[in-house]
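Colleague: Would you mind keeping the following structure in view while I ask a few things?
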Amino acid sequence: MKINNNDKPREFIVGEKNDIIIKDCGRIILEDDEQVTFLTSSGAEYDVAKKDWGFYATPSLNGRLTSFGLRGVLIKNNKSKRFFVFLVEFGKETQFHNYCKNENLLIVTWLDSDEQLEKVEHKLKQN
């Protein structure tokens with residue numbers, strides 16, 4: 001693993017109202033079968049693992065991710081029509097819903113329970 005810190009993070013403005021500043025703090029270069037874990041101040045965890053074919057972008061949505069304190073959710077940006085997978089920290093759902101409202105985002109489905117994921121699977125098999 002190689003880490004390149006940005007001594008002076010690049011800042012850019014995003015958001016529906018151009019009111020969010022993101023700071024690009026650096027880059028992590030992983031070799032095949034290496035993993036990094038990101039932590040929140042409250043202890044929620046998020047793993048990313050590099051494989052020779054790409055990345056495991058999340059731990060299992062209805063297993064390890066939820067045990068690490070995060071909920072997967074499929075989102076659609078109503079303006080750009082682009083889709084995203086977000087990870088919402090348990091107990092932060094109110095802030096998340098406020099963010100979705102402010103950013104004109106639609107919750108397509110939560111991806112954190114066997115029941116929800118089986119509904120998605122069933123729906124996809126119908127097509």
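Each chain in the structure tokens gets a letter, A, B, ..., in the order shown, and its residues are numbered from 1; ligands are numbered from 1 in order too.
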Mind the document's chain letters and residue numbers, and return as a count of residues only the residues of region 40-120 of chain A that DSSP labels strand (DSSP E or B).
Modeller: 31
Colleague: So that I can check the secondary structure, give me every residue of chain A assigned helix (DSSP H, G or I) by backbone DSSP, as a PyMOL selection string.
Modeller: chain A and resi 64-67+93-103+114-126
Colleague: Only N, CA and C atoms, please: the residues just picked out, written as an mmCIF file, in the first residue's frame.
Modeller:
```cif
data_model
loop_
_atom_site.group_PDB
_atom_site.id
_atom_site.type_symbol
_atom_site.label_atom_id
_atom_site.label_comp_id
_atom_site.auth_asym_id
_atom_site.auth_seq_id
_atom_site.Cartn_x
_atom_site.Cartn_y
_atom_site.Cartn_z
ATOM 1 N N ARG A 64 -21.531 -7.750 7.200
ATOM 2 C CA ARG A 64 -20.466 -7.020 7.895
ATOM 3 C C ARG A 64 -20.692 -5.521 7.924
ATOM 4 N N LEU A 65 -21.220 -4.952 6.819
ATOM 5 C CA LEU A 65 -21.415 -3.500 6.803
ATOM 6 C C LEU A 65 -22.344 -3.060 7.931
ATOM 7 N N THR A 66 -23.455 -3.753 8.082
ATOM 8 C CA THR A 66 -24.390 -3.383 9.157
ATOM 9 C C THR A 66 -23.772 -3.653 10.528
ATOM 10 N N SER A 67 -22.986 -4.711 10.642
ATOM 11 C CA SER A 67 -22.344 -4.977 11.943
ATOM 12 C C SER A 67 -21.292 -3.921 12.261
ATOM 13 N N GLU A 93 -29.680 8.912 10.475
ATOM 14 C CA GLU A 93 -30.684 8.892 9.412
ATOM 15 C C GLU A 93 -31.371 10.248 9.238
ATOM 16 N N THR A 94 -31.614 10.964 10.325
ATOM 17 C CA THR A 94 -32.246 12.285 10.216
ATOM 18 C C THR A 94 -31.370 13.234 9.413
ATOM 19 N N GLN A 95 -30.075 13.275 9.716
ATOM 20 C CA GLN A 95 -29.158 14.123 8.963
ATOM 21 C C GLN A 95 -29.117 13.690 7.494
ATOM 22 N N PHE A 96 -29.148 12.377 7.271
ATOM 23 C CA PHE A 96 -29.133 11.856 5.908
ATOM 24 C C PHE A 96 -30.381 12.289 5.143
ATOM 25 N N HIS A 97 -31.559 12.156 5.761
ATOM 26 C CA HIS A 97 -32.794 12.563 5.087
ATOM 27 C C HIS A 97 -32.782 14.066 4.792
ATOM 28 N N ASN A 98 -32.255 14.862 5.708
ATOM 29 C CA ASN A 98 -32.133 16.308 5.471
ATOM 30 C C ASN A 98 -31.201 16.581 4.292
ATOM 31 N N TYR A 99 -30.095 15.838 4.227
ATOM 32 C CA TYR A 99 -29.155 15.988 3.122
ATOM 33 C C TYR A 99 -29.840 15.651 1.797
ATOM 34 N N CYS A 100 -30.579 14.546 1.772
ATOM 35 C CA CYS A 100 -31.290 14.149 0.540
ATOM 36 C C CYS A 100 -32.270 15.230 0.103
ATOM 37 N N LYS A 101 -32.989 15.786 1.056
ATOM 38 C CA LYS A 101 -33.952 16.846 0.736
ATOM 39 C C LYS A 101 -33.230 18.065 0.168
ATOM 40 N N ASN A 102 -32.162 18.481 0.830
ATOM 41 C CA ASN A 102 -31.416 19.670 0.401
ATOM 42 C C ASN A 102 -30.736 19.477 -0.945
ATOM 43 N N GLU A 103 -30.335 18.244 -1.261
ATOM 44 C CA GLU A 103 -29.580 17.966 -2.485
ATOM 45 C C GLU A 103 -30.447 17.385 -3.599
ATOM 46 N N ASP A 114 -31.828 -8.400 4.552
ATOM 47 C CA ASP A 114 -32.099 -9.520 3.661
ATOM 48 C C ASP A 114 -33.386 -9.274 2.887
ATOM 49 N N GLU A 115 -34.411 -8.781 3.592
ATOM 50 C CA GLU A 115 -35.716 -8.561 2.969
ATOM 51 C C GLU A 115 -35.624 -7.575 1.799
ATOM 52 N N GLN A 116 -34.979 -6.444 2.005
ATOM 53 C CA GLN A 116 -34.870 -5.439 0.942
ATOM 54 C C GLN A 116 -34.038 -5.948 -0.229
ATOM 55 N N LEU A 117 -32.945 -6.617 0.069
ATOM 56 C CA LEU A 117 -32.076 -7.116 -0.991
ATOM 57 C C LEU A 117 -32.755 -8.233 -1.784
ATOM 58 N N GLU A 118 -33.539 -9.051 -1.120
ATOM 59 C CA GLU A 118 -34.286 -10.095 -1.825
ATOM 60 C C GLU A 118 -35.376 -9.477 -2.706
ATOM 61 N N LYS A 119 -35.988 -8.375 -2.272
ATOM 62 C CA LYS A 119 -36.956 -7.668 -3.130
ATOM 63 C C LYS A 119 -36.274 -7.163 -4.397
ATOM 64 N N VAL A 120 -35.077 -6.596 -4.250
ATOM 65 C CA VAL A 120 -34.329 -6.109 -5.407
ATOM 66 C C VAL A 120 -33.999 -7.276 -6.326
ATOM 67 N N GLU A 121 -33.510 -8.362 -5.747
ATOM 68 C CA GLU A 121 -33.163 -9.540 -6.534
ATOM 69 C C GLU A 121 -34.389 -10.066 -7.291
ATOM 70 N N HIS A 122 -35.516 -10.185 -6.605
ATOM 71 C CA HIS A 122 -36.745 -10.682 -7.220
ATOM 72 C C HIS A 122 -37.186 -9.773 -8.368
ATOM 73 N N LYS A 123 -37.130 -8.478 -8.147
ATOM 74 C CA LYS A 123 -37.538 -7.510 -9.165
ATOM 75 C C LYS A 123 -36.629 -7.630 -10.406
ATOM 76 N N LEU A 124 -35.345 -7.785 -10.185
ATOM 77 C CA LEU A 124 -34.405 -7.901 -11.306
ATOM 78 C C LEU A 124 -34.627 -9.194 -12.084
ATOM 79 N N LYS A 125 -34.987 -10.269 -11.403
ATOM 80 C CA LYS A 125 -35.227 -11.538 -12.087
ATOM 81 C C LYS A 125 -36.471 -11.481 -12.957
ATOM 82 N N GLN A 126 -37.407 -10.578 -12.635
ATOM 83 C CA GLN A 126 -38.632 -10.437 -13.419
ATOM 84 C C GLN A 126 -38.347 -9.801 -14.781
#
```
Colleague: So how far away is CA of Phe55 (chain A) from CA of Asp33 (chain A), in Å?
Modeller: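 Between CA of Asp33 (chain A) and CA of Phe55 (chain A) the gap works out to 9.3 Å.
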Colleague: Counting only C-alpha atoms, which of A:Asn5, A:Val48, A:Phe38, A:Leu106 gets nearest to Ser80 (chain A)?
Modeller: A:Leu106
Colleague: What separation in Å, quoted to one decimal, exists between CA of Ser41 (chain A) and CA of Asn77 (chain A)?
Modeller: 27.7 Å
Colleague: Between A:Lys92, A:Arg27, A:Arg82, A:Lys50, which one has atoms that come closest to Leu70 (chain A), using only C-alpha atoms?
Modeller: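 Selected residue with least distance to Leu70 (chain A): A:Lys92.
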Colleague: Determine, counting only C-alpha atoms, which protein, DNA and RNA residues have an atom within 10 Å of an atom of Ile22 (chain A); residues of the same chain fewer than 6 positions away are not included. Present the result as a list in words.
Modeller: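 Residues meeting the cut-off are Pro9, Arg10, Glu11, Phe12, Ile13, Val14 and Gly15 of chain A.
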Colleague: Contacts of Lys8 (chain A) at 12 Å or less, counting only C-alpha atoms, minus same-chain residues fewer than 6 places along, as a ChimeraX atom specification?
Modeller: /A:23-26
Colleague: Go ahead and compute the interatomic distance for CA of Lys17 (chain A) and CA of Gly91 (chain A), in Å to one decimal.
Modeller: 25.6 Å
Colleague: Do you know which residues are at most 9 Å from Met1 (chain A) counting only C-alpha atoms, after dropping those on the same chain fewer than 4 positions away, and could you put them as a list in words?
Modeller: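 In the requested format, the answer is Ile28, Ile29, Leu30, Glu31, Glu34, Gln35 and Val36 of chain A.
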Colleague: Write out as a list in words each polymer residue whose atoms come within 7 Å of Glu89 (chain A), counting only C-alpha atoms; drop sequence neighbours fewer than 4 positions from it.
Modeller: Ala44, Gly69, Leu70 and Arg71 of chain A
Colleague: Those same residues, written as an mmCIF file, in the first residue's frame with N, CA and C atoms?
Modeller:
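The result, written out as part.cif:
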```
data_model
loop_
_atom_site.group_PDB
_atom_site.id
_atom_site.type_symbol
_atom_site.label_atom_id
_atom_site.label_comp_id
_atom_site.auth_asym_id
_atom_site.auth_seq_id
_atom_site.Cartn_x
_atom_site.Cartn_y
_atom_site.Cartn_z
ATOM 1 N N ALA A 44 -17.910 3.542 13.546
ATOM 2 C CA ALA A 44 -18.395 2.812 12.380
ATOM 3 C C ALA A 44 -17.217 2.559 11.444
ATOM 4 N N GLY A 69 -21.869 -0.776 11.680
ATOM 5 C CA GLY A 69 -22.578 0.461 12.003
ATOM 6 C C GLY A 69 -22.990 1.314 10.818
ATOM 7 N N LEU A 70 -23.034 0.716 9.621
ATOM 8 C CA LEU A 70 -23.395 1.472 8.424
ATOM 9 C C LEU A 70 -24.513 0.775 7.664
ATOM 10 N N ARG A 71 -25.331 1.567 6.978
ATOM 11 C CA ARG A 71 -26.438 1.081 6.164
ATOM 12 C C ARG A 71 -26.228 1.508 4.724
#
```
